[in-house]
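run.tsv follows (TSV, C-alpha atoms and all ligand atoms):
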chain	number	residue	atom	x	y	z
M	1	MET	CA	48.51	-21.01	-34.90
M	2	LYS	CA	46.24	-23.63	-33.30
M	3	GLN	CA	49.13	-24.82	-31.15
M	4	LYS	CA	49.80	-21.26	-30.02
M	5	SER	CA	46.25	-20.58	-28.77
M	6	LYS	CA	46.15	-23.97	-26.96
M	7	LYS	CA	49.30	-23.04	-25.05
M	8	HIS	CA	47.72	-19.74	-24.12
M	9	VAL	CA	44.64	-21.52	-22.70
M	10	ARG	CA	46.79	-23.72	-20.49
M	11	ARG	CA	48.80	-20.81	-19.19
M	12	LEU	CA	45.75	-18.73	-18.20
M	13	HIS	CA	43.49	-21.45	-16.81
M	14	PRO	CA	45.31	-24.67	-16.02
M	15	HIS	CA	42.17	-26.26	-14.53
M	16	PRO	CA	38.85	-25.23	-16.07
M	17	VAL	CA	36.30	-26.23	-13.43
M	18	GLN	CA	34.32	-29.40	-14.09
M	19	HIS	CA	31.32	-28.60	-11.93
M	20	ARG	CA	28.27	-30.67	-11.08
M	21	ALA	CA	25.28	-29.97	-13.29
M	22	ASP	CA	22.81	-29.86	-10.37
M	23	GLN	CA	24.24	-26.96	-8.36
M	24	PRO	CA	26.03	-23.70	-9.09
M	25	PRO	CA	29.82	-23.65	-8.56
M	26	THR	CA	29.46	-20.65	-6.24
M	27	SER	CA	33.03	-19.88	-5.25
M	28	GLN	CA	34.38	-20.25	-8.80
M	29	ILE	CA	31.61	-17.98	-10.08
M	30	GLN	CA	32.53	-15.27	-7.61
M	31	GLU	CA	36.22	-15.48	-8.43
M	32	LEU	CA	35.59	-15.47	-12.17
M	33	ILE	CA	33.21	-12.52	-12.26
M	34	LEU	CA	35.67	-10.42	-10.28
M	35	ASP	CA	38.54	-11.39	-12.59
M	36	ALA	CA	36.48	-10.79	-15.71
M	37	ALA	CA	35.19	-7.40	-14.52
M	38	GLU	CA	38.71	-6.31	-13.68
M	39	ALA	CA	40.01	-7.40	-17.09
M	40	ALA	CA	37.21	-5.52	-18.85
M	41	GLY	CA	37.81	-2.51	-16.61
M	42	LYS	CA	41.45	-2.50	-17.61
M	43	VAL	CA	40.43	-2.38	-21.28
M	44	LEU	CA	38.07	0.53	-20.55
M	45	ARG	CA	40.73	2.48	-18.64
M	46	ARG	CA	43.13	2.05	-21.54
M	47	HIS	CA	40.64	3.46	-24.06
M	48	TYR	CA	39.12	6.13	-21.81
M	49	ARG	CA	39.45	9.62	-23.32
M	50	GLY	CA	41.44	8.08	-26.17
M	51	LYS	CA	40.59	7.86	-29.86
M	52	LEU	CA	37.51	5.64	-30.20
M	53	ARG	CA	35.72	4.03	-33.11
M	54	ILE	CA	32.08	4.92	-32.42
M	55	SER	CA	28.91	3.73	-34.10
M	56	GLU	CA	25.23	4.13	-33.37
M	57	LYS	CA	22.83	1.25	-32.66
M	58	PRO	CA	19.37	2.25	-33.92
M	59	GLY	CA	17.30	3.28	-30.87
M	60	ALA	CA	19.86	1.76	-28.51
M	61	GLY	CA	22.64	4.33	-28.15
M	62	LEU	CA	26.30	4.07	-29.02
M	63	VAL	CA	28.82	1.26	-29.24
M	64	THR	CA	32.58	1.64	-29.45
M	65	ASN	CA	35.59	-0.57	-30.04
M	66	ALA	CA	36.11	-0.38	-26.24
M	67	ASP	CA	32.68	-1.98	-25.56
M	68	LEU	CA	33.56	-4.84	-27.92
M	69	GLU	CA	37.07	-5.34	-26.61
M	70	ALA	CA	35.87	-5.27	-22.98
M	71	GLU	CA	33.19	-7.84	-23.80
M	72	ARG	CA	35.75	-10.14	-25.43
M	73	ALA	CA	37.97	-9.84	-22.35
M	74	CYS	CA	35.08	-10.95	-20.09
M	75	VAL	CA	33.98	-13.79	-22.33
M	76	LYS	CA	37.53	-15.14	-22.63
M	77	ILE	CA	37.99	-15.41	-18.86
M	78	LEU	CA	34.51	-16.71	-18.08
M	79	SER	CA	34.36	-19.31	-20.86
M	80	ARG	CA	37.77	-20.68	-19.96
M	81	GLY	CA	36.89	-20.84	-16.27
M	82	LEU	CA	33.46	-22.48	-16.59
M	83	PRO	CA	33.18	-23.73	-20.17
M	84	LEU	CA	29.65	-25.16	-19.84
M	85	PHE	CA	27.95	-21.82	-19.08
M	86	GLY	CA	25.95	-19.95	-21.74
M	87	PHE	CA	26.15	-16.20	-22.44
M	88	LEU	CA	23.77	-13.30	-22.72
M	89	THR	CA	25.87	-10.26	-23.58
M	90	GLU	CA	24.95	-6.85	-24.91
M	91	GLU	CA	27.23	-6.87	-27.92
M	92	ALA	CA	26.95	-10.44	-29.29
M	93	GLU	CA	24.35	-13.08	-30.07
M	94	PRO	CA	23.23	-15.17	-27.06
M	95	GLN	CA	25.18	-18.42	-26.67
M	96	PRO	CA	23.36	-21.42	-25.19
M	97	GLY	CA	25.22	-23.32	-22.49
M	98	ARG	CA	25.56	-27.01	-21.64
M	99	CYS	CA	24.51	-26.62	-17.99
M	100	PRO	CA	21.86	-24.51	-16.16
M	101	GLY	CA	24.35	-21.62	-15.81
M	102	ARG	CA	24.55	-18.44	-17.87
M	103	TRP	CA	26.60	-15.23	-17.73
M	104	ILE	CA	24.81	-11.92	-18.30
M	105	ILE	CA	27.20	-9.16	-19.29
M	106	ASP	CA	27.16	-5.46	-19.99
M	107	PRO	CA	30.83	-4.82	-20.76
M	108	LEU	CA	30.38	-1.05	-20.64
M	109	ASP	CA	27.29	0.41	-19.00
M	110	GLY	CA	27.28	4.14	-19.61
M	111	THR	CA	28.74	4.16	-23.12
M	112	THR	CA	27.54	7.71	-23.83
M	113	ASN	CA	29.38	8.95	-20.72
M	114	PHE	CA	32.47	7.00	-21.77
M	115	VAL	CA	32.42	8.51	-25.26
M	116	HIS	CA	32.19	12.02	-23.83
M	117	GLY	CA	34.89	11.44	-21.21
M	118	PHE	CA	32.46	11.61	-18.26
M	119	PRO	CA	33.77	9.12	-15.67
M	120	MET	CA	30.47	7.48	-14.79
M	121	PHE	CA	30.47	4.03	-16.38
M	122	CYS	CA	31.11	0.46	-15.31
M	123	VAL	CA	31.30	-3.23	-16.16
M	124	SER	CA	28.35	-5.37	-15.03
M	125	ILE	CA	28.48	-9.18	-14.85
M	126	ALA	CA	25.89	-11.54	-13.38
M	127	ALA	CA	25.78	-15.29	-13.08
M	128	GLU	CA	22.44	-16.96	-13.51
M	129	TRP	CA	21.61	-20.52	-12.49
M	130	GLU	CA	18.33	-22.14	-13.53
M	131	GLY	CA	16.95	-18.73	-14.47
M	132	LYS	CA	17.86	-17.04	-11.15
M	133	VAL	CA	20.69	-14.56	-10.67
M	134	VAL	CA	22.97	-16.08	-8.02
M	135	ALA	CA	25.90	-13.64	-8.12
M	136	GLY	CA	26.72	-10.28	-9.61
M	137	THR	CA	29.44	-7.68	-9.75
M	138	ILE	CA	29.61	-4.07	-10.89
M	139	TYR	CA	33.04	-2.56	-11.39
M	140	HIS	CA	33.75	1.17	-11.69
M	141	PRO	CA	37.14	1.16	-13.38
M	142	ILE	CA	38.00	4.80	-12.74
M	143	LEU	CA	37.17	4.83	-9.01
M	144	GLN	CA	38.27	1.17	-8.85
M	145	GLU	CA	35.16	0.32	-6.86
M	146	SER	CA	34.03	-3.27	-7.03
M	147	TYR	CA	30.49	-4.11	-5.91
M	148	LEU	CA	29.72	-7.77	-5.33
M	149	ALA	CA	26.80	-9.88	-4.17
M	150	SER	CA	26.11	-13.59	-3.90
M	151	GLN	CA	22.62	-14.84	-3.21
M	152	GLY	CA	22.00	-15.00	0.55
M	153	LYS	CA	25.46	-13.68	1.42
M	154	GLY	CA	24.98	-9.89	1.43
M	155	ALA	CA	26.63	-7.22	-0.69
M	156	THR	CA	30.03	-5.57	-0.51
M	157	ARG	CA	32.04	-2.71	-2.01
M	158	ASN	CA	35.74	-3.49	-2.19
M	159	GLY	CA	35.15	-6.22	0.40
M	160	GLN	CA	33.27	-4.02	2.92
M	161	LYS	CA	29.59	-4.76	3.63
M	162	ILE	CA	27.16	-2.23	2.18
M	163	HIS	CA	23.56	-1.48	3.08
M	164	VAL	CA	20.76	0.57	1.58
M	165	SER	CA	19.96	3.94	3.19
M	166	ASN	CA	17.63	4.45	6.12
M	167	THR	CA	15.85	7.48	4.67
M	168	ILE	CA	12.16	7.29	5.52
M	169	LYS	CA	10.72	10.49	4.12
M	170	ILE	CA	10.61	11.06	0.37
M	171	GLU	CA	11.29	14.79	0.93
M	172	ASN	CA	14.72	13.85	2.38
M	173	SER	CA	15.60	11.48	-0.47
M	174	LEU	CA	18.16	11.61	-3.27
M	175	LEU	CA	16.77	9.60	-6.18
M	176	THR	CA	18.22	8.53	-9.50
M	177	THR	CA	16.80	7.52	-12.86
M	178	GLY	CA	17.58	7.06	-16.53
M	179	PHE	CA	15.87	7.80	-19.83
M	180	THR	CA	15.30	5.74	-22.93
M	181	TYR	CA	17.36	6.26	-26.08
M	182	GLN	CA	14.10	6.36	-28.03
M	183	LYS	CA	12.89	9.92	-28.53
M	184	ASP	CA	9.23	8.95	-28.61
M	185	LYS	CA	6.15	8.69	-26.41
M	186	LEU	CA	8.07	6.77	-23.75
M	187	LEU	CA	10.46	9.70	-23.31
M	188	ARG	CA	7.49	11.99	-22.65
M	189	THR	CA	6.17	9.53	-20.03
M	190	GLU	CA	9.62	9.41	-18.43
M	191	MET	CA	9.77	13.22	-18.32
M	192	LYS	CA	6.44	13.31	-16.48
M	193	ALA	CA	7.70	10.81	-13.89
M	194	PHE	CA	10.94	12.82	-13.55
M	195	GLN	CA	8.94	15.97	-12.94
M	196	LYS	CA	6.62	14.31	-10.42
M	197	LEU	CA	9.42	12.80	-8.37
M	198	SER	CA	11.56	15.95	-8.60
M	199	GLY	CA	8.57	17.69	-7.02
M	200	VAL	CA	8.55	15.44	-3.96
M	201	ALA	CA	12.18	14.33	-3.46
M	202	ARG	CA	15.11	16.42	-2.21
M	203	ALA	CA	16.66	15.93	-5.66
M	204	VAL	CA	16.75	13.54	-8.61
M	205	ARG	CA	19.91	12.67	-10.58
M	206	ARG	CA	20.37	11.14	-14.05
M	207	PRO	CA	23.98	9.89	-14.07
M	208	GLY	CA	23.73	7.71	-17.23
M	209	SER	CA	24.59	4.21	-16.02
M	210	ALA	CA	21.72	2.05	-14.76
M	211	ALA	CA	24.13	-0.46	-13.24
M	212	LEU	CA	25.91	2.25	-11.22
M	213	ASP	CA	22.53	3.72	-10.22
M	214	LEU	CA	21.78	0.31	-8.68
M	215	ALA	CA	25.21	-0.06	-7.08
M	216	TYR	CA	24.87	3.37	-5.46
M	217	THR	CA	21.33	2.57	-4.32
M	218	ALA	CA	22.70	-0.60	-2.70
M	219	ALA	CA	25.39	1.45	-0.96
M	220	GLY	CA	22.88	4.00	0.39
M	221	VAL	CA	24.18	6.88	-1.76
M	222	PHE	CA	20.85	7.04	-3.60
M	223	ASP	CA	17.68	6.16	-1.72
M	224	ALA	CA	15.97	4.73	-4.81
M	225	PHE	CA	16.29	4.25	-8.57
M	226	TRP	CA	13.68	3.76	-11.26
M	227	GLU	CA	13.81	3.33	-15.03
M	228	GLN	CA	11.81	1.89	-17.93
M	229	ASN	CA	12.94	0.11	-21.06
M	230	LEU	CA	15.90	-1.64	-19.46
M	231	SER	CA	17.66	-4.74	-20.77
M	232	PRO	CA	18.67	-7.74	-18.65
M	233	TRP	CA	22.39	-6.88	-18.87
M	234	ASP	CA	21.74	-3.36	-17.47
M	235	VAL	CA	20.25	-4.69	-14.24
M	236	ALA	CA	20.97	-8.41	-13.66
M	237	ALA	CA	23.91	-7.82	-11.31
M	238	GLY	CA	22.60	-4.58	-9.80
M	239	ALA	CA	19.18	-5.92	-8.82
M	240	LEU	CA	20.80	-8.72	-6.82
M	241	ILE	CA	23.29	-6.29	-5.24
M	242	VAL	CA	20.42	-4.03	-4.07
M	243	GLN	CA	18.45	-6.98	-2.66
M	244	GLU	CA	21.48	-8.36	-0.88
M	245	ALA	CA	22.13	-4.89	0.58
M	246	GLY	CA	18.67	-4.99	2.16
M	247	GLY	CA	16.74	-3.18	-0.57
M	248	LYS	CA	13.62	-3.98	-2.54
M	249	VAL	CA	13.40	-4.42	-6.33
M	250	THR	CA	10.12	-4.62	-8.22
M	251	ASN	CA	8.68	-3.72	-11.60
M	252	PHE	CA	6.38	-0.70	-11.95
M	253	ASN	CA	3.39	-2.91	-10.97
M	254	GLY	CA	5.00	-3.66	-7.63
M	255	GLU	CA	5.67	-7.31	-8.53
M	256	PRO	CA	9.05	-8.79	-7.57
M	257	PHE	CA	11.48	-7.89	-10.36
M	258	ARG	CA	12.24	-10.71	-12.78
M	259	LEU	CA	14.88	-10.74	-15.47
M	260	GLY	CA	13.12	-9.68	-18.66
M	261	ASP	CA	10.96	-7.06	-16.90
M	262	GLN	CA	11.72	-3.76	-18.60
M	263	SER	CA	10.62	-1.46	-15.79
M	264	LEU	CA	12.37	-1.47	-12.45
M	265	ILE	CA	12.11	0.28	-9.10
M	266	ALA	CA	14.91	-0.35	-6.61
M	267	SER	CA	14.71	1.24	-3.18
M	268	ASN	CA	15.70	1.09	0.46
M	269	GLN	CA	12.29	-0.60	1.11
M	270	ALA	CA	10.92	2.33	3.16
M	271	LEU	CA	10.50	4.55	0.09
M	272	HIS	CA	9.09	1.86	-2.18
M	273	PRO	CA	5.40	2.71	-1.64
M	274	ALA	CA	6.06	6.39	-2.43
M	275	LEU	CA	7.86	5.49	-5.68
M	276	LEU	CA	5.16	3.02	-6.70
M	277	LYS	CA	2.47	5.58	-6.06
M	278	GLU	CA	4.11	8.08	-8.42
M	279	LEU	CA	5.08	5.57	-11.11
M	280	SER	CA	2.37	2.93	-11.41
M	301	LIG	C1	22.39	2.52	-20.75
M	301	LIG	C2	22.69	3.17	-19.42
M	301	LIG	C3	21.75	4.32	-19.17
M	301	LIG	C4	20.31	3.87	-19.20
M	301	LIG	C5	20.00	3.14	-20.50
M	301	LIG	C6	20.98	1.99	-20.72
M	301	LIG	P1	24.49	1.49	-22.12
M	301	LIG	O1	23.26	1.44	-21.03
M	301	LIG	O2	22.57	2.24	-18.39
M	301	LIG	O3	21.94	4.88	-17.89
M	301	LIG	O4	19.49	5.00	-19.08
M	301	LIG	O5	18.70	2.61	-20.36
M	301	LIG	O6	20.70	1.37	-21.94
M	301	LIG	O7	23.85	1.66	-23.46
M	301	LIG	O8	25.36	2.62	-21.74
M	301	LIG	O9	25.10	0.16	-21.94
M	302	CA	CA	23.67	-0.85	-20.38
M	303	CA	CA	26.54	-1.33	-22.66
Is it possible to give me this structure as structure tokens?
Ligand code: IPD
Ligand code: CA
Ligand code: CA
Amino acid sequence: MKQKSKKHVRRLHPHPVQHRADQPPTSQIQELILDAAEAAGKVLRRHYRGKLRISEKPGAGLVTNADLEAERACVKILSRGLPLFGFLTEEAEPQPGRCPGRWIIDPLDGTTNFVHGFPMFCVSIAAEWEGKVVAGTIYHPILQESYLASQGKGATRNGQKIHVSNTIKIENSLLTTGFTYQKDKLLRTEMKAFQKLSGVARAVRRPGSAALDLAYTAAGVFDAFWEQNLSPWDVAAGALIVQEAGGKVTNFNGEPFRLGDQSLIASNQALHPALLKELS
């Protein structure tokens, strides 16, 4: 049995990268996150609208066998490619690394949509180095759209450069948001914000995948996105993709967004003051 899995390792990744500990192995990271997102996406496509095993996480939505299998597919590829990196994933305990690098993974963002057969979900993978996200990808497995950004190198969708919108007036904007799973005071606050912004924007959407909300903000489909009570894996890749597409990402206090902040506003820059005014 041991022998068998060793052979498998060699066949998939003949040369796990021995990188220097003082700088991120940028090109390997980019290659690996794309491979891992595609592998997870394949798992999700296979299970989509099939028979799922579904359970509820208290106050945190649903989880299915597809979430778990997609996460395992990502972890397998990433840990074989860069074995010193740690992991922060939605569905398992954090794993410390043996270098300053860490993967941040949401194997299925939009699980509720997935469970109901609504094709608005994705895989989100970010690479962090010394506490800073240096690369991220968001993969929509049904549309087969792959969003990618590396720090300082811009953002792309399926290899084509993307940019945030140039909408200046809030009354011409299409905004997007999400709501907490907790049916408590926070939900009431979120409803108020939804009402306020619906009153000033052209329209507000609630598609059900924070990572895709960010990807579409980066691509100029949405002019801005806001949400509270987010987890690092929901936004690590997307926040970088928006920034690299020319957008601005802060918390609700207007401070530059940092991983661990639960509130987030991402915009095309021009609309940021209007969003902050309504939300802070
Ligand atoms: C959720 C989605 C949703 C957002 C929630 C997230 P999940 O992630 O991104 O749009 O409103 O805050 O938790 O549970 O589908 O991975
Ligand atoms: Ca999520
Ligand atoms: Ca998830």
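With all atoms listed in the file counted, the chains near ligand CA 302 (chain M) contribute these residues within 7 Å: Asp106, Leu108, Asp109, Gly110, Ser209, Ala210, Trp233 and Asp234 of chain M.
Between atom CA of Asn166 of chain M and atom CA of Gly246 of chain M lies a distance of 10.3 Å.
Nearest-residue note for ligand LIG 301 (chain M): choosing from M:Leu259, M:Val115, M:Val123, M:Ala211, the minimum distance belongs to M:Ala211, counting all atoms listed in the file.
Compared by their closest atoms to Arg202 of chain M, and using all atoms listed in the file, the residues M:Thr189, M:Gln228, M:Ser173, M:Thr156 rank with M:Ser173 nearest.
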(request) Would you please work out which residue, of M:Pro107, M:Gly208, M:Gly81, M:Gly136, is nearest to Ser150 of chain M when using only C-alpha atoms? (result) M:Gly136
(request) Name each residue within 10 Å of ligand LIG 301 (chain M), counting all atoms listed in the file, as an NGL selection string. (result) :M and (57 or 59-63 or 67 or 90-91 or 105-115 or 120-124 or 176-182 or 206-214 or 226-235 or 262)
Kindly export the residues of the current selection with C-alpha atoms, as an mmCIF file, in the coordinates of the input.
data_model
loop_
_atom_site.group_PDB
_atom_site.id
_atom_site.type_symbol
_atom_site.label_atom_id
_atom_site.label_comp_id
_atom_site.auth_asym_id
_atom_site.auth_seq_id
_atom_site.Cartn_x
_atom_site.Cartn_y
_atom_site.Cartn_z
ATOM 1 C CA LYS M 57 22.830 1.250 -32.660
ATOM 2 C CA GLY M 59 17.300 3.280 -30.870
ATOM 3 C CA ALA M 60 19.860 1.760 -28.510
ATOM 4 C CA GLY M 61 22.640 4.330 -28.150
ATOM 5 C CA LEU M 62 26.300 4.070 -29.020
ATOM 6 C CA VAL M 63 28.820 1.260 -29.240
ATOM 7 C CA ASP M 67 32.680 -1.980 -25.560
ATOM 8 C CA GLU M 90 24.950 -6.850 -24.910
ATOM 9 C CA GLU M 91 27.230 -6.870 -27.920
ATOM 10 C CA ILE M 105 27.200 -9.160 -19.290
ATOM 11 C CA ASP M 106 27.160 -5.460 -19.990
ATOM 12 C CA PRO M 107 30.830 -4.820 -20.760
ATOM 13 C CA LEU M 108 30.380 -1.050 -20.640
ATOM 14 C CA ASP M 109 27.290 0.410 -19.000
ATOM 15 C CA GLY M 110 27.280 4.140 -19.610
ATOM 16 C CA THR M 111 28.740 4.160 -23.120
ATOM 17 C CA THR M 112 27.540 7.710 -23.830
ATOM 18 C CA ASN M 113 29.380 8.950 -20.720
ATOM 19 C CA PHE M 114 32.470 7.000 -21.770
ATOM 20 C CA VAL M 115 32.420 8.510 -25.260
ATOM 21 C CA MET M 120 30.470 7.480 -14.790
ATOM 22 C CA PHE M 121 30.470 4.030 -16.380
ATOM 23 C CA CYS M 122 31.110 0.460 -15.310
ATOM 24 C CA VAL M 123 31.300 -3.230 -16.160
ATOM 25 C CA SER M 124 28.350 -5.370 -15.030
ATOM 26 C CA THR M 176 18.220 8.530 -9.500
ATOM 27 C CA THR M 177 16.800 7.520 -12.860
ATOM 28 C CA GLY M 178 17.580 7.060 -16.530
ATOM 29 C CA PHE M 179 15.870 7.800 -19.830
ATOM 30 C CA THR M 180 15.300 5.740 -22.930
ATOM 31 C CA TYR M 181 17.360 6.260 -26.080
ATOM 32 C CA GLN M 182 14.100 6.360 -28.030
ATOM 33 C CA ARG M 206 20.370 11.140 -14.050
ATOM 34 C CA PRO M 207 23.980 9.890 -14.070
ATOM 35 C CA GLY M 208 23.730 7.710 -17.230
ATOM 36 C CA SER M 209 24.590 4.210 -16.020
ATOM 37 C CA ALA M 210 21.720 2.050 -14.760
ATOM 38 C CA ALA M 211 24.130 -0.460 -13.240
ATOM 39 C CA LEU M 212 25.910 2.250 -11.220
ATOM 40 C CA ASP M 213 22.530 3.720 -10.220
ATOM 41 C CA LEU M 214 21.780 0.310 -8.680
ATOM 42 C CA TRP M 226 13.680 3.760 -11.260
ATOM 43 C CA GLU M 227 13.810 3.330 -15.030
ATOM 44 C CA GLN M 228 11.810 1.890 -17.930
ATOM 45 C CA ASN M 229 12.940 0.110 -21.060
ATOM 46 C CA LEU M 230 15.900 -1.640 -19.460
ATOM 47 C CA SER M 231 17.660 -4.740 -20.770
ATOM 48 C CA PRO M 232 18.670 -7.740 -18.650
ATOM 49 C CA TRP M 233 22.390 -6.880 -18.870
ATOM 50 C CA ASP M 234 21.740 -3.360 -17.470
ATOM 51 C CA VAL M 235 20.250 -4.690 -14.240
ATOM 52 C CA GLN M 262 11.720 -3.760 -18.600
#
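The protein and nucleic acid residues lying at most 7 Å from Trp129 of chain M are Pro24, Pro100, Gly101, Arg102, Ala127, Gly131, Lys132, Val133 and Val134 of chain M, with all atoms listed in the file considered and sequence neighbours fewer than 2 positions away removed.
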I need the residues from that last selection saved to file as a PDB file, keeping the file's coordinate frame (with C-alpha atoms), if you can.
ATOM      1  CA  PRO M  24      26.030 -23.700  -9.090  1.00  0.00           C
ATOM      2  CA  PRO M 100      21.860 -24.510 -16.160  1.00  0.00           C
ATOM      3  CA  GLY M 101      24.350 -21.620 -15.810  1.00  0.00           C
ATOM      4  CA  ARG M 102      24.550 -18.440 -17.870  1.00  0.00           C
ATOM      5  CA  ALA M 127      25.780 -15.290 -13.080  1.00  0.00           C
ATOM      6  CA  GLY M 131      16.950 -18.730 -14.470  1.00  0.00           C
ATOM      7  CA  LYS M 132      17.860 -17.040 -11.150  1.00  0.00           C
ATOM      8  CA  VAL M 133      20.690 -14.560 -10.670  1.00  0.00           C
ATOM      9  CA  VAL M 134      22.970 -16.080  -8.020  1.00  0.00           C
TER      10      VAL M 134
END
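Interatomic distance, atom CA of Leu174 of chain M to atom CA of Ala126 of chain M: 26.4 Å.
Of the residues under consideration (M:Arg157, M:Pro83, M:Lys192, M:Ile104), M:Ile104 shows the shortest atom-to-atom contact distance to ligand CA 303 (chain M) when counting only C-alpha atoms and all ligand atoms.
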(request) Take atom CA of Leu271 of chain M and atom CA of Asn172 of chain M and report the distance between them in Å, one decimal. (result) 10.5 Å
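Across M:Gln95, M:Asn253, M:Ser263, M:Thr89, the tightest approach to ligand CA 303 (chain M) is made by M:Thr89 when counting all atoms listed in the file.
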(message) Can you tell me which residues surround Ala135 of chain M at a distance of at most 12 Å, considering all atoms listed in the file, apart from same-chain residues fewer than 4 positions away, and format the answer as a PyMOL selection string?
(response) chain M and resi 24-34+101-104+124-129+147-156+236-244
Complete segment 41-55 of chain M at the level of N, CA, C and O atoms, written as an mmCIF file, in the coordinates of the input.
data_model
loop_
_atom_site.group_PDB
_atom_site.id
_atom_site.type_symbol
_atom_site.label_atom_id
_atom_site.label_comp_id
_atom_site.auth_asym_id
_atom_site.auth_seq_id
_atom_site.Cartn_x
_atom_site.Cartn_y
_atom_site.Cartn_z
ATOM 1 N N GLY M 41 37.548 -3.854 -17.116
ATOM 2 C CA GLY M 41 37.810 -2.510 -16.610
ATOM 3 C C GLY M 41 39.160 -1.983 -17.071
ATOM 4 O O GLY M 41 39.311 -0.805 -17.386
ATOM 5 N N LYS M 42 40.114 -2.878 -17.152
ATOM 6 C CA LYS M 42 41.450 -2.500 -17.610
ATOM 7 C C LYS M 42 41.385 -2.029 -19.069
ATOM 8 O O LYS M 42 41.996 -1.028 -19.451
ATOM 9 N N VAL M 43 40.612 -2.769 -19.861
ATOM 10 C CA VAL M 43 40.430 -2.380 -21.280
ATOM 11 C C VAL M 43 39.801 -0.985 -21.331
ATOM 12 O O VAL M 43 40.248 -0.116 -22.095
ATOM 13 N N LEU M 44 38.772 -0.764 -20.505
ATOM 14 C CA LEU M 44 38.070 0.530 -20.550
ATOM 15 C C LEU M 44 38.997 1.668 -20.109
ATOM 16 O O LEU M 44 39.005 2.733 -20.734
ATOM 17 N N ARG M 45 39.791 1.427 -19.089
ATOM 18 C CA ARG M 45 40.730 2.480 -18.640
ATOM 19 C C ARG M 45 41.714 2.842 -19.741
ATOM 20 O O ARG M 45 42.048 3.992 -19.953
ATOM 21 N N ARG M 46 42.149 1.813 -20.478
ATOM 22 C CA ARG M 46 43.130 2.050 -21.540
ATOM 23 C C ARG M 46 42.541 2.914 -22.666
ATOM 24 O O ARG M 46 43.215 3.761 -23.233
ATOM 25 N N HIS M 47 41.253 2.711 -22.949
ATOM 26 C CA HIS M 47 40.640 3.460 -24.060
ATOM 27 C C HIS M 47 40.020 4.790 -23.626
ATOM 28 O O HIS M 47 39.665 5.610 -24.478
ATOM 29 N N TYR M 48 39.854 4.972 -22.316
ATOM 30 C CA TYR M 48 39.120 6.130 -21.810
ATOM 31 C C TYR M 48 39.787 7.444 -22.229
ATOM 32 O O TYR M 48 40.978 7.618 -22.031
ATOM 33 N N ARG M 49 39.011 8.308 -22.803
ATOM 34 C CA ARG M 49 39.450 9.620 -23.320
ATOM 35 C C ARG M 49 40.510 9.480 -24.414
ATOM 36 O O ARG M 49 41.272 10.408 -24.683
ATOM 37 N N GLY M 50 40.553 8.284 -25.027
ATOM 38 C CA GLY M 50 41.440 8.080 -26.170
ATOM 39 C C GLY M 50 40.626 8.190 -27.460
ATOM 40 O O GLY M 50 39.456 8.578 -27.457
ATOM 41 N N LYS M 51 41.280 7.799 -28.562
ATOM 42 C CA LYS M 51 40.590 7.860 -29.860
ATOM 43 C C LYS M 51 39.731 6.612 -29.982
ATOM 44 O O LYS M 51 40.253 5.494 -29.895
ATOM 45 N N LEU M 52 38.419 6.799 -30.163
ATOM 46 C CA LEU M 52 37.510 5.640 -30.200
ATOM 47 C C LEU M 52 36.896 5.484 -31.587
ATOM 48 O O LEU M 52 36.717 6.470 -32.300
ATOM 49 N N ARG M 53 36.561 4.249 -31.925
ATOM 50 C CA ARG M 53 35.720 4.030 -33.110
ATOM 51 C C ARG M 53 34.293 3.897 -32.590
ATOM 52 O O ARG M 53 33.988 2.981 -31.808
ATOM 53 N N ILE M 54 33.430 4.833 -32.999
ATOM 54 C CA ILE M 54 32.080 4.920 -32.420
ATOM 55 C C ILE M 54 31.031 4.657 -33.486
ATOM 56 O O ILE M 54 31.114 5.212 -34.583
ATOM 57 N N SER M 55 30.064 3.813 -33.191
ATOM 58 C CA SER M 55 28.910 3.730 -34.100
ATOM 59 C C SER M 55 27.618 3.743 -33.307
ATOM 60 O O SER M 55 27.619 3.534 -32.084
#
